[in-house]
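Worksheet: the structure to be examined is printed underneath.
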Amino acid sequence: MEYEFRRDTLTGTLVANFSMDQEALGFWLVEELGECAEKYEEICQVIAKLQLNQLKHWRMVGKALSIELDGEQVRVFANEIESGEEFELEDALSLYDGESEAFCGLADFHIALESWRVFIDESY
């Protein structure tokens with residue numbers, strides 16, 4: 001999994017670019033996790049419990065994107081996917097799947113999450 005984190009020097013806006021088919025992970029980091037140390041700590045604790053088989057499944061519903069974790073994988077998805085509503089968009093405006101849903105292994109996600117925290121801590 002390839003990714004790059006940066007902060008726009010003019011606006012201070014956080015940017016997380018992930019490889020194709022995993023863009024939703026970057027959107028989730030920026031929009032739902034952001035710089036919140038409490039959420040980061042909570043997710044790290046959940047990952048530890050999943051790895052020790054003390055927890056089977058976990059979900060955090062966000063404003064626009066949600067995340068699900070189990071002992072093997074992570075799924076980030078746009079809340080519209082779970083709502084059951086169908087959206088009709090013009091062909092030119094259709095959602096690219098990588099922007100609305102992404103999967104990755106739990107270990108890879110944990111590494112990316114730790115890298116995000118280091119980036120946040122060092123970007124000030």
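Labels for the structure tokens follow display order: chains A, B, ..., residues from 1 in each chain, ligands from 1.
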
Which residues, written as a JSON list (two decimals) with C-alpha atoms, in the first residue's frame, have at least one atom at most 8 Å from Ser66 of chain A, with only C-alpha atoms counted and residues fewer than 6 positions away on the same chain left out?
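New file around_25.json:
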```
[["chain", "number", "residue", "atom", "x", "y", "z"],
["A", 28, "TRP", "CA", -11.10, 8.96, 5.97],
["A", 59, "ARG", "CA", -17.19, 0.00, 13.49],
["A", 60, "MET", "CA", -16.96, 3.78, 13.72],
["A", 76, "VAL", "CA", -13.55, 2.33, 4.77],
["A", 77, "PHE", "CA", -16.71, 3.32, 2.95],
["A", 78, "ALA", "CA", -18.95, 6.26, 2.17],
["A", 79, "ASN", "CA", -22.01, 6.26, 4.40]]
```

**Q.** Spatial neighbours of Val46 of chain A, 9 Å, only C-alpha atoms, chain gap at least 5 places, as an MDAnalysis selection string
**A.** chainID A and resid 41 51 55 58 69

Q | Picked from segment 1-46 of chain A by DSSP as helix (DSSP H, G or I), as a list in words | A |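 Here are the helix (DSSP H, G or I) residues of segment 1-46 of chain A: Glu23, Ala24, Leu25, Gly26, Phe27, Trp28, Leu29, Val30, Glu31, Glu32, Leu33, Ala37, Glu38, Lys39, Tyr40, Glu41, Glu42, Ile43, Cys44, Gln45 and Val46 of chain A.
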
Q) So which one's closest to Leu50 of chain A, A:Leu33, A:Val118, A:Leu65, A:Val74? Using only C-alpha atoms, please. A)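 Nearest to Leu50 of chain A: A:Val74.
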
(Q) I'd like the contact shell of segment 7-23 of chain A - 9 Å cut-off, only C-alpha atoms, skipping same-chain residues fewer than 5 positions apart - returned as JSON, numbers by chain. (A) {"A": [1, 2, 28, 29, 30, 34, 76, 96, 97, 98, 99, 100, 101, 102, 103, 104, 116, 120, 123]}

From a backbone DSSP assignment, name each residue in chain A labelled strand (DSSP E or B), as a PDB file with N, CA and C atoms, in the first residue's frame.
```pdb
ATOM      1  N   TYR A   3       1.260   5.454   0.040  1.00  0.00           N
ATOM      2  CA  TYR A   3       0.566   6.662   0.452  1.00  0.00           C
ATOM      3  C   TYR A   3       1.581   7.780   0.692  1.00  0.00           C
ATOM      4  N   GLU A   4       1.043   8.987   0.707  1.00  0.00           N
ATOM      5  CA  GLU A   4       1.859  10.173   0.960  1.00  0.00           C
ATOM      6  C   GLU A   4       1.019  11.154   1.762  1.00  0.00           C
ATOM      7  N   PHE A   5       1.613  11.717   2.789  1.00  0.00           N
ATOM      8  CA  PHE A   5       0.937  12.714   3.607  1.00  0.00           C
ATOM      9  C   PHE A   5       1.642  14.051   3.437  1.00  0.00           C
ATOM     10  N   ARG A   6       0.851  15.105   3.410  1.00  0.00           N
ATOM     11  CA  ARG A   6       1.431  16.443   3.365  1.00  0.00           C
ATOM     12  C   ARG A   6       0.424  17.444   3.907  1.00  0.00           C
ATOM     13  N   ARG A   7       0.937  18.606   4.203  1.00  0.00           N
ATOM     14  CA  ARG A   7       0.103  19.716   4.660  1.00  0.00           C
ATOM     15  C   ARG A   7       0.300  20.853   3.671  1.00  0.00           C
ATOM     16  N   LEU A  14      -4.695  19.417   5.570  1.00  0.00           N
ATOM     17  CA  LEU A  14      -4.060  18.100   5.529  1.00  0.00           C
ATOM     18  C   LEU A  14      -4.432  17.383   4.238  1.00  0.00           C
ATOM     19  N   VAL A  15      -3.477  16.630   3.691  1.00  0.00           N
ATOM     20  CA  VAL A  15      -3.705  15.852   2.473  1.00  0.00           C
ATOM     21  C   VAL A  15      -3.122  14.459   2.702  1.00  0.00           C
ATOM     22  N   ALA A  16      -3.913  13.436   2.378  1.00  0.00           N
ATOM     23  CA  ALA A  16      -3.456  12.045   2.466  1.00  0.00           C
ATOM     24  C   ALA A  16      -3.779  11.375   1.139  1.00  0.00           C
ATOM     25  N   ASN A  17      -2.766  11.149   0.334  1.00  0.00           N
ATOM     26  CA  ASN A  17      -2.944  10.504  -0.960  1.00  0.00           C
ATOM     27  C   ASN A  17      -2.594   9.030  -0.845  1.00  0.00           C
ATOM     28  N   PHE A  18      -3.537   8.165  -1.216  1.00  0.00           N
ATOM     29  CA  PHE A  18      -3.320   6.722  -1.215  1.00  0.00           C
ATOM     30  C   PHE A  18      -3.356   6.197  -2.638  1.00  0.00           C
ATOM     31  N   HIS A  57     -15.083  -7.621  15.897  1.00  0.00           N
ATOM     32  CA  HIS A  57     -15.477  -6.645  14.875  1.00  0.00           C
ATOM     33  C   HIS A  57     -15.682  -5.294  15.545  1.00  0.00           C
ATOM     34  N   TRP A  58     -15.387  -4.231  14.809  1.00  0.00           N
ATOM     35  CA  TRP A  58     -15.570  -2.881  15.353  1.00  0.00           C
ATOM     36  C   TRP A  58     -15.918  -1.939  14.219  1.00  0.00           C
ATOM     37  N   ARG A  59     -16.766  -0.968  14.502  1.00  0.00           N
ATOM     38  CA  ARG A  59     -17.189   0.004  13.490  1.00  0.00           C
ATOM     39  C   ARG A  59     -17.274   1.387  14.105  1.00  0.00           C
ATOM     40  N   MET A  60     -16.814   2.380  13.337  1.00  0.00           N
ATOM     41  CA  MET A  60     -16.962   3.784  13.721  1.00  0.00           C
ATOM     42  C   MET A  60     -17.669   4.491  12.564  1.00  0.00           C
ATOM     43  N   VAL A  61     -18.842   5.050  12.854  1.00  0.00           N
ATOM     44  CA  VAL A  61     -19.600   5.770  11.847  1.00  0.00           C
ATOM     45  C   VAL A  61     -19.199   7.237  11.903  1.00  0.00           C
ATOM     46  N   LEU A  65     -17.806   9.270   6.064  1.00  0.00           N
ATOM     47  CA  LEU A  65     -17.187   7.959   5.859  1.00  0.00           C
ATOM     48  C   LEU A  65     -17.191   7.170   7.159  1.00  0.00           C
ATOM     49  N   SER A  66     -17.318   5.881   7.020  1.00  0.00           N
ATOM     50  CA  SER A  66     -17.269   4.999   8.183  1.00  0.00           C
ATOM     51  C   SER A  66     -16.140   4.013   8.002  1.00  0.00           C
ATOM     52  N   ILE A  67     -15.763   3.367   9.110  1.00  0.00           N
ATOM     53  CA  ILE A  67     -14.689   2.389   9.074  1.00  0.00           C
ATOM     54  C   ILE A  67     -15.109   1.147   9.848  1.00  0.00           C
ATOM     55  N   GLU A  68     -14.767  -0.015   9.295  1.00  0.00           N
ATOM     56  CA  GLU A  68     -15.006  -1.293   9.952  1.00  0.00           C
ATOM     57  C   GLU A  68     -13.685  -2.036  10.036  1.00  0.00           C
ATOM     58  N   LEU A  69     -13.430  -2.633  11.181  1.00  0.00           N
ATOM     59  CA  LEU A  69     -12.223  -3.425  11.371  1.00  0.00           C
ATOM     60  C   LEU A  69     -12.607  -4.797  11.890  1.00  0.00           C
ATOM     61  N   ASP A  70     -11.893  -5.806  11.429  1.00  0.00           N
ATOM     62  CA  ASP A  70     -11.977  -7.124  12.037  1.00  0.00           C
ATOM     63  C   ASP A  70     -10.549  -7.637  12.185  1.00  0.00           C
ATOM     64  N   GLN A  73      -8.970  -7.510   8.243  1.00  0.00           N
ATOM     65  CA  GLN A  73      -9.022  -6.416   7.281  1.00  0.00           C
ATOM     66  C   GLN A  73      -9.743  -5.187   7.804  1.00  0.00           C
ATOM     67  N   VAL A  74      -9.576  -4.130   7.034  1.00  0.00           N
ATOM     68  CA  VAL A  74     -10.203  -2.844   7.316  1.00  0.00           C
ATOM     69  C   VAL A  74     -11.006  -2.444   6.088  1.00  0.00           C
ATOM     70  N   ARG A  75     -12.180  -1.915   6.328  1.00  0.00           N
ATOM     71  CA  ARG A  75     -13.014  -1.395   5.249  1.00  0.00           C
ATOM     72  C   ARG A  75     -13.397   0.026   5.589  1.00  0.00           C
ATOM     73  N   VAL A  76     -13.111   0.942   4.670  1.00  0.00           N
ATOM     74  CA  VAL A  76     -13.547   2.334   4.774  1.00  0.00           C
ATOM     75  C   VAL A  76     -14.550   2.544   3.659  1.00  0.00           C
ATOM     76  N   PHE A  77     -15.671   3.170   3.973  1.00  0.00           N
ATOM     77  CA  PHE A  77     -16.706   3.325   2.954  1.00  0.00           C
ATOM     78  C   PHE A  77     -17.540   4.574   3.199  1.00  0.00           C
ATOM     79  N   ALA A  78     -18.054   5.104   2.097  1.00  0.00           N
ATOM     80  CA  ALA A  78     -18.946   6.255   2.174  1.00  0.00           C
ATOM     81  C   ALA A  78     -20.246   5.808   2.818  1.00  0.00           C
ATOM     82  N   GLU A 101     -15.082   3.460  -1.402  1.00  0.00           N
ATOM     83  CA  GLU A 101     -14.883   2.274  -0.591  1.00  0.00           C
ATOM     84  C   GLU A 101     -13.467   1.742  -0.815  1.00  0.00           C
ATOM     85  N   ALA A 102     -12.844   1.317   0.265  1.00  0.00           N
ATOM     86  CA  ALA A 102     -11.497   0.757   0.165  1.00  0.00           C
ATOM     87  C   ALA A 102     -11.310  -0.310   1.229  1.00  0.00           C
ATOM     88  N   PHE A 103     -10.487  -1.297   0.902  1.00  0.00           N
ATOM     89  CA  PHE A 103     -10.153  -2.378   1.814  1.00  0.00           C
ATOM     90  C   PHE A 103      -8.638  -2.461   1.927  1.00  0.00           C
ATOM     91  N   CYS A 104      -8.159  -2.889   3.079  1.00  0.00           N
ATOM     92  CA  CYS A 104      -6.744  -3.186   3.239  1.00  0.00           C
ATOM     93  C   CYS A 104      -6.596  -4.121   4.435  1.00  0.00           C
ATOM     94  N   GLY A 105      -5.438  -4.714   4.558  1.00  0.00           N
ATOM     95  CA  GLY A 105      -5.173  -5.584   5.693  1.00  0.00           C
ATOM     96  C   GLY A 105      -5.050  -4.782   6.973  1.00  0.00           C
TER      97      GLY A 105
END
```

Q | Interatomic distance, atom CA of Lys49 of chain A to atom CA of Ala64 of chain A (Å, one decimal) | A |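 Answer for the atom CA of Lys49 of chain A to atom CA of Ala64 of chain A separation: 25.8 Å.
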
Q) To one decimal place, how far is atom CA of Phe119 of chain A from atom CA of Leu52 of chain A in Å? A)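 Going from atom CA of Phe119 of chain A over to atom CA of Leu52 of chain A, I get 27.1 Å.
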
Q. What does the distance between atom CA of Ala24 of chain A and atom CA of Asn53 of chain A come to in Å, to one decimal place?
A.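 Spanning atom CA of Ala24 of chain A to atom CA of Asn53 of chain A is a straight-line distance of 26.5 Å.
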
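The nearest approach to Gly26 of chain A among the residues A:Glu72, A:Ala48, A:Lys63, A:Phe109, with only C-alpha atoms taken into account, belongs to A:Phe109.
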